[in-house]
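Structure first, then comments.
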Amino acid sequence: MPLHFSCTMCGRCCHGLRLPLSLAESLTWIENGGSVEVFCEAIPWPEEPAADNGLAWHKRKRSFLAASGSLPVRVIVTLVASFSGACPNLREDMGCGIYERRPTACRVYPAEVNPFISVDPAIKLCPPEAWQQREVLQNDDGTWADPVVAAAVVRRREDDYEEAMAKGDLCARLGITEAGLSNEGTVVYSPAPAHLREALEATLAARATTGTEHAPPWTLVSHRLRTMWLLESAGARATQSVDLAEGRRFVAFVDA
Ligand code: SF4
Ligand code: SF4
């Protein structure tokens, strides 16, 4: 069955957001007065996955290789525009004030960038009537019916893949060396906008294509003592989330 959807312009998806941005979009967002945070998570990567493990290869493409102690890890860095109320670009009529140049992620919603995640209307912000329209969002075969959405999904995914190494360079410039254990949580850095802008400009100018040589030793952060013990016994450098220094915080995906 195709998935039916049509935007009702309710504006809910433009409130209280964490909007993933590319490097260039992050720079533009800061230049326009917004703030961008850096989310870091790491996956222990002792060996390469099997050729048919599509999800693992998707994660590999989104990450750069680094090390935590003697444990090889892959680090996924996401640049995020966060705001608790309405997006600063949202107009009173719930239209987007920068519609033609809005970030790619805004063109995707409520579709999914990750090819291994299905669209679940129950967890989307769109009202029930948005899913009862005649227009088709996703065809039977999983393709996106709207060419704008289809192009945005591809663009967002390619940005993630193509910028993974450059984000390792960005972290080195910002002195970022801590990451949450993927699936448990993420470490969120909130650099001063001027500092992040400078680092983004240098990163975009350099466009690093390799990650390892830029990657300092990483520390894995957890809110679970048992996880810390397991990480340390595997040779990793680990620390508790409560010990994080100022300017960074741990956001848990699962309860302690
Ligand atoms: S940039 Fe526009 S579309 Fe994106 S969240 Fe803000 S108001 Fe909504
Ligand atoms: S929440 Fe859904 S229906 Fe409402 S504006 Fe966003 S995409 Fe449209």
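Letters for chains follow the order of the structure tokens (A, B, ...), residue numbers begin at 1 for each chain, and ligand numbers begin at 1 in the order shown.
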Exercise. DSSP on the backbone: what in stretch 24-150 of chain A comes out helix (DSSP H, G or I), as a PyMOL selection string?
Worked result: chain A and resi 24-31+54-61+99-101+104-108+121-123+128-132+147-150
Go ahead and write the selection's residues with C-alpha atoms as a PDB file, in the first residue's frame.
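For reference, again.pdb as written:
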ATOM      1  CA  ALA A  24      27.734  24.718   4.505  1.00  0.00           C
ATOM      2  CA  GLU A  25      24.196  24.945   5.924  1.00  0.00           C
ATOM      3  CA  SER A  26      25.660  25.234   9.432  1.00  0.00           C
ATOM      4  CA  LEU A  27      27.831  28.132   8.356  1.00  0.00           C
ATOM      5  CA  THR A  28      24.840  29.883   6.770  1.00  0.00           C
ATOM      6  CA  TRP A  29      22.698  29.226   9.856  1.00  0.00           C
ATOM      7  CA  ILE A  30      25.330  30.848  12.116  1.00  0.00           C
ATOM      8  CA  GLU A  31      25.839  33.772   9.714  1.00  0.00           C
ATOM      9  CA  GLY A  54      23.636  -2.957   4.773  1.00  0.00           C
ATOM     10  CA  LEU A  55      22.893  -1.116   8.028  1.00  0.00           C
ATOM     11  CA  ALA A  56      26.509  -1.423   9.219  1.00  0.00           C
ATOM     12  CA  TRP A  57      27.802  -0.121   5.894  1.00  0.00           C
ATOM     13  CA  HIS A  58      25.365   2.784   6.080  1.00  0.00           C
ATOM     14  CA  LYS A  59      26.816   3.675   9.507  1.00  0.00           C
ATOM     15  CA  ARG A  60      30.349   3.221   8.192  1.00  0.00           C
ATOM     16  CA  LYS A  61      29.753   5.714   5.389  1.00  0.00           C
ATOM     17  CA  TYR A  99      11.428  28.585   1.791  1.00  0.00           C
ATOM     18  CA  GLU A 100      13.583  28.628  -1.368  1.00  0.00           C
ATOM     19  CA  ARG A 101      16.820  28.245   0.604  1.00  0.00           C
ATOM     20  CA  THR A 104      17.670  20.075   3.040  1.00  0.00           C
ATOM     21  CA  ALA A 105      16.330  18.380   6.194  1.00  0.00           C
ATOM     22  CA  CYS A 106      13.278  20.675   6.051  1.00  0.00           C
ATOM     23  CA  ARG A 107      12.524  19.360   2.550  1.00  0.00           C
ATOM     24  CA  VAL A 108      12.667  15.751   3.764  1.00  0.00           C
ATOM     25  CA  PRO A 121       3.001   8.301  11.193  1.00  0.00           C
ATOM     26  CA  ALA A 122       2.542   7.531  14.917  1.00  0.00           C
ATOM     27  CA  ILE A 123       5.845   9.185  15.803  1.00  0.00           C
ATOM     28  CA  PRO A 128      -3.956  12.622  11.504  1.00  0.00           C
ATOM     29  CA  GLU A 129      -5.667  14.403   8.609  1.00  0.00           C
ATOM     30  CA  ALA A 130      -2.300  14.869   6.871  1.00  0.00           C
ATOM     31  CA  TRP A 131      -2.136  11.082   6.414  1.00  0.00           C
ATOM     32  CA  GLN A 132      -5.659  10.815   5.003  1.00  0.00           C
ATOM     33  CA  PRO A 147      10.593  14.483  -6.697  1.00  0.00           C
ATOM     34  CA  VAL A 148      11.462  17.300  -4.251  1.00  0.00           C
ATOM     35  CA  VAL A 149      11.339  14.883  -1.320  1.00  0.00           C
ATOM     36  CA  ALA A 150      13.217  12.201  -3.286  1.00  0.00           C
TER      37      ALA A 150
END
For this session: Check which residues fall inside 9 Å of ligand 1 when counting only C-alpha atoms and all ligand atoms, and print them as a list in words.
Result: Gly11, Arg12, Cys13, Cys14, His15, Leu17, Arg18, Leu19, Ala86, Cys87, Pro88, Asn89, Leu90, Arg91, Met94, Gly95, Cys96, Gly97, Ile98, Tyr99, Arg101, Arg102, Pro103, Thr104, Ala105, Cys106 and Arg107 of chain A
Exercise. Between A:Ser70, A:Thr219, A:Ser233, A:Asn114, which one has atoms that come closest to A:Asp160, using only C-alpha atoms?
Worked result: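 Ranked by minimum distance to A:Asp160, first place goes to A:Asn114.
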Problem set entry | Counting only C-alpha atoms, the residue of A:Ile176, A:Val188, A:Leu196, A:Leu181 that sits nearest A:Ala42 |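 Ranked by minimum distance to A:Ala42, first place goes to A:Leu181.
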For this session: Quick one: everything within 10 Å of stretch 200-204 of chain A, counting only C-alpha atoms, minus sequence neighbours fewer than 5 positions away in the same chain. Send it as a PyMOL selection string.
Result: chain A and resi 23-24+26-27+163+166-174+194-195
Exercise. Which residue, A:Ala205, A:Pro49, A:Ser222, A:Pro193, has the smallest gap to A:Asn32 when you use only C-alpha atoms?
Worked result: A:Pro193
For this session: Identify, on the basis of only C-alpha atoms, every residue whose closest approach to A:Leu231 does not exceed 12 Å; exclude the query and any residue fewer than 2 positions from it along the same chain; express the result as a PyMOL selection string.
Result: chain A and resi 42-44+68-73+180-181+219-222+224-229+233-240
For the selection you just gave me, I'd like the residues written to a file as an mmCIF file, in the first residue's frame, keeping C-alpha atoms.
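Just written: out24.cif:
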data_model
loop_
_atom_site.group_PDB
_atom_site.id
_atom_site.type_symbol
_atom_site.label_atom_id
_atom_site.label_comp_id
_atom_site.auth_asym_id
_atom_site.auth_seq_id
_atom_site.Cartn_x
_atom_site.Cartn_y
_atom_site.Cartn_z
ATOM 1 C CA ALA A 42 30.960 6.500 18.508
ATOM 2 C CA ILE A 43 30.595 2.858 17.552
ATOM 3 C CA PRO A 44 33.211 0.276 18.599
ATOM 4 C CA SER A 68 39.653 5.190 21.812
ATOM 5 C CA GLY A 69 42.615 3.765 23.723
ATOM 6 C CA SER A 70 43.423 0.572 21.823
ATOM 7 C CA LEU A 71 39.838 0.121 20.577
ATOM 8 C CA PRO A 72 39.085 1.137 16.973
ATOM 9 C CA VAL A 73 35.887 3.176 16.790
ATOM 10 C CA GLY A 180 28.619 8.999 23.501
ATOM 11 C CA LEU A 181 28.434 5.281 22.936
ATOM 12 C CA THR A 219 37.010 9.161 25.024
ATOM 13 C CA LEU A 220 33.738 7.251 25.090
ATOM 14 C CA VAL A 221 31.080 8.624 27.425
ATOM 15 C CA SER A 222 28.360 6.630 29.124
ATOM 16 C CA ARG A 224 26.044 3.418 32.809
ATOM 17 C CA LEU A 225 28.789 2.044 35.047
ATOM 18 C CA ARG A 226 28.491 -1.397 33.485
ATOM 19 C CA THR A 227 29.041 0.051 30.005
ATOM 20 C CA MET A 228 32.116 1.912 31.229
ATOM 21 C CA TRP A 229 33.528 -1.259 32.699
ATOM 22 C CA SER A 233 37.970 -3.972 29.516
ATOM 23 C CA ALA A 234 37.921 -3.746 25.697
ATOM 24 C CA GLY A 235 40.800 -1.252 25.810
ATOM 25 C CA ALA A 236 38.787 1.956 25.345
ATOM 26 C CA ARG A 237 39.143 5.251 27.203
ATOM 27 C CA ALA A 238 35.840 5.818 28.984
ATOM 28 C CA THR A 239 34.364 8.382 31.315
ATOM 29 C CA GLN A 240 31.075 8.963 33.100
#
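Ranking A:Phe64, A:Ala192, A:Glu162, A:Arg248 by their shortest atom-to-atom distance to A:Arg207, with only C-alpha atoms included, puts A:Glu162 first.
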For this session: Please identify which residues in stretch 10-133 of chain A DSSP calls strand (DSSP E or B) from the backbone, and express them as an NGL selection string.
Result: :A and (15 or 18-21 or 36-44 or 64-68 or 71-82 or 86 or 90 or 96)
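You can rank A:Trp45, A:Phe116, A:Phe5, A:Phe83 by their closest distance to ligand 2 using only C-alpha atoms and all ligand atoms, and at the top of that list sits A:Phe5.
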Exercise. Expressed in Å to a single decimal, how great is the separation between atom CA of A:Gly142 and atom CA of A:Cys126?
Worked result: 19.9 Å
For this session: Give me the residues within 8 Å of A:Glu37 as a PyMOL selection string, counting only C-alpha atoms and dropping any in the same chain fewer than 3 places off.
Result: chain A and resi 79-82+188-191
Go ahead and write the selection's residues with C-alpha atoms as a tab-separated table (two decimals), in the first residue's frame.
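See out_21.tsv below for the written result:
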chain	number	residue	atom	x	y	z
A	79	LEU	CA	25.67	19.33	13.16
A	80	VAL	CA	22.33	20.39	14.58
A	81	ALA	CA	20.38	23.65	14.73
A	82	SER	CA	18.40	23.39	17.97
A	188	VAL	CA	26.49	17.48	22.61
A	189	TYR	CA	28.99	20.32	22.26
A	190	SER	CA	27.81	23.93	22.21
A	191	PRO	CA	30.73	25.93	20.84
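Taking only C-alpha atoms into account, A:Ser22 lies nearest to A:Val36 out of the set A:Ala245, A:Val36, A:Ile117, A:Ala66.
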